[in-house]
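Working notes for the structure below.
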Amino acid sequence: MAPAKLRGSLNIMFQLAITIGILAANLINYGTDKIKPWGWRVSLGLAGVPALLMFVGGLFLPETPNSLIERGYQDKGRALLEKVRGTKNVDAEFQDLVQASEKANAIKQPFRNILEKRNRPQLVMATLIPFFQQFTGINAIMFYAPVLFKTIGFGGNASLYSAVITGAVNVVATLVSIFTVDRWGRRLLFLEAGVQMFIAQVVIAIVLGEKFGGTKELSKGFAALVVVVICVYVSAFAWSWGPLGWLVPSEIFPLETRSAGQSITVSVNMLFTFVIAQAFLAMLCHLKYGIFLFFAGWVVVMSLFVYFFLPETKNVPIEEMITVWRKHWFWKLFVPAADTYAVEQRPMVLNDSKEG
């Protein structure tokens, strides 16, 4: 529903809500941990509050113009489009949505369709972007920040430090992304953050290597340095791979394969979230400080991928995204110069008489 010029900022509001939720949950957990022995019940029960808000909000949530038009309610779809755009001058956008809907309805097997050659760019992005998002190492740090902070000498207050410091940085840096993504574009944020995350991880590895390689504890100065560098790393992720890992896949699929593409994106993301969560502690035990060099290497790989293979999608309407692939030096080898979808010629449904 977002206009192209604001799509990035509005989409990242999703990630901002997640980061605020993470920070709030960590603070609640820290506070209820002091309530013995039933504090965990309070923490678990409070999770019902946002669930209730989501349910009540869902009762007032309108449909989208895309959904209404795709199901044949074109009058309602146009009326809603005029409402969200604030003008009746929506003829061009409405026709784009109608044409996209006809193509989508002509596709009976979206998962089979997304495997075809002409959809190769979107399929690659739907697979590699969530994969790379997890191999930045962010979940390893966020899941096990208390372990890391205890390792460098913060002791019993490690949970508070990790929750407040990294959580607050996460929220603030996501705000940076909201205000810059539609001005500077996706690629610039990806590439700048790649450099920042790589440097931060190498510095963390060097400092922790000093600790793991010897018998002495880190001094307070070095411990503070690690915290600062972790914050630098978290901030880079929070204005790049964090929100953009969801934004870019959400805006590159045509309507006919969007449901399949988004399903693949989420599935790959959840799969490798699980893999990293299960593997990190064992990797930390075996690799020690080398775990950060491992993720730094992946940051280099993903940054090169963005530089060579991810085109800029800023301000491009979703219905016109196909032109971006056709102009790209590599993906134009896969995307035909003209649409090849066999759209059945049928009369358009212009009334809302049936309920779907």
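Here's how to read the names in the structure tokens: chain A, B, ... by the order shown, residue numbers from 1 in each chain, ligand numbers from 1 in the order shown.
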(request) Can you pull out every residue within 8 Å of A:Val268, counting only C-alpha atoms, but drop anything in the same chain fewer than 5 positions away, and send it as a PyMOL selection string? (result) chain A and resi 127+130-131
(request) May I have the residues within 7 Å of stretch 224-241 of chain A as a list in words, using only C-alpha atoms and disregarding those fewer than 4 positions away in the same chain? (result)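 Those residues are Gln133, Thr166, Val169, Asn170, Ala173, Thr174, Val176, Ser177, Leu189, Phe190, Ala193, Gln196, Met197, Ala200, Ile204, Lys220 and Gly245 of chain A.
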(request) Pick out the residues sitting within 8 Å of A:Gly290, and hand them over as a count of residues only; count only C-alpha atoms, and ignore anything fewer than 5 positions along from it in its own chain. (result) 3
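Nearest-residue note for A:Gly72: choosing from A:Val98, A:Met1, A:Met283, A:Ile18, the minimum distance belongs to A:Val98, counting only C-alpha atoms.
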(request) Would you mind reading off the distance between atom CA of A:Gly194 and atom CA of A:Val299, one decimal, in Å? (result)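 So the two atoms, atom CA of A:Gly194 and atom CA of A:Val299, lie 6.0 Å apart.
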(request) Quick one: pull the distance between atom CA of A:Leu208 and atom CA of A:Tyr289, Å, one decimal. (result)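 Computed distance, atom CA of A:Leu208 to atom CA of A:Tyr289, equals 5.6 Å.
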(request) Work out how far atom CA of A:Ile264 is from atom CA of A:Gly77, in Å to one decimal. (result)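 Distance reported for this atom pair: 27.5 Å.
Candidate residues A:Phe295, A:Phe280, A:Phe94, A:Tyr307 were compared for distance to A:Glu70, and the nearest is A:Phe94, using only C-alpha atoms.
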Can you build me a table of stretch 267-356 of chain A residues sitting at most 10 Å from stretch 7-13 of chain A, with the closest atom pair per residue and its distance in Å to one decimal, using only C-alpha atoms, sorted by chain and residue number, as a Markdown table?
| residue | atom | partner | partner_atom | distance |
| --- | --- | --- | --- | --- |
| A:Thr313 | CA | A:Gly8 | CA | 9.5 |
| A:Lys314 | CA | A:Gly8 | CA | 7.6 |
| A:Asn315 | CA | A:Arg7 | CA | 7.7 |
| A:Val316 | CA | A:Arg7 | CA | 9.4 |
| A:Pro317 | CA | A:Arg7 | CA | 9.1 |
| A:Ile318 | CA | A:Arg7 | CA | 9.8 |
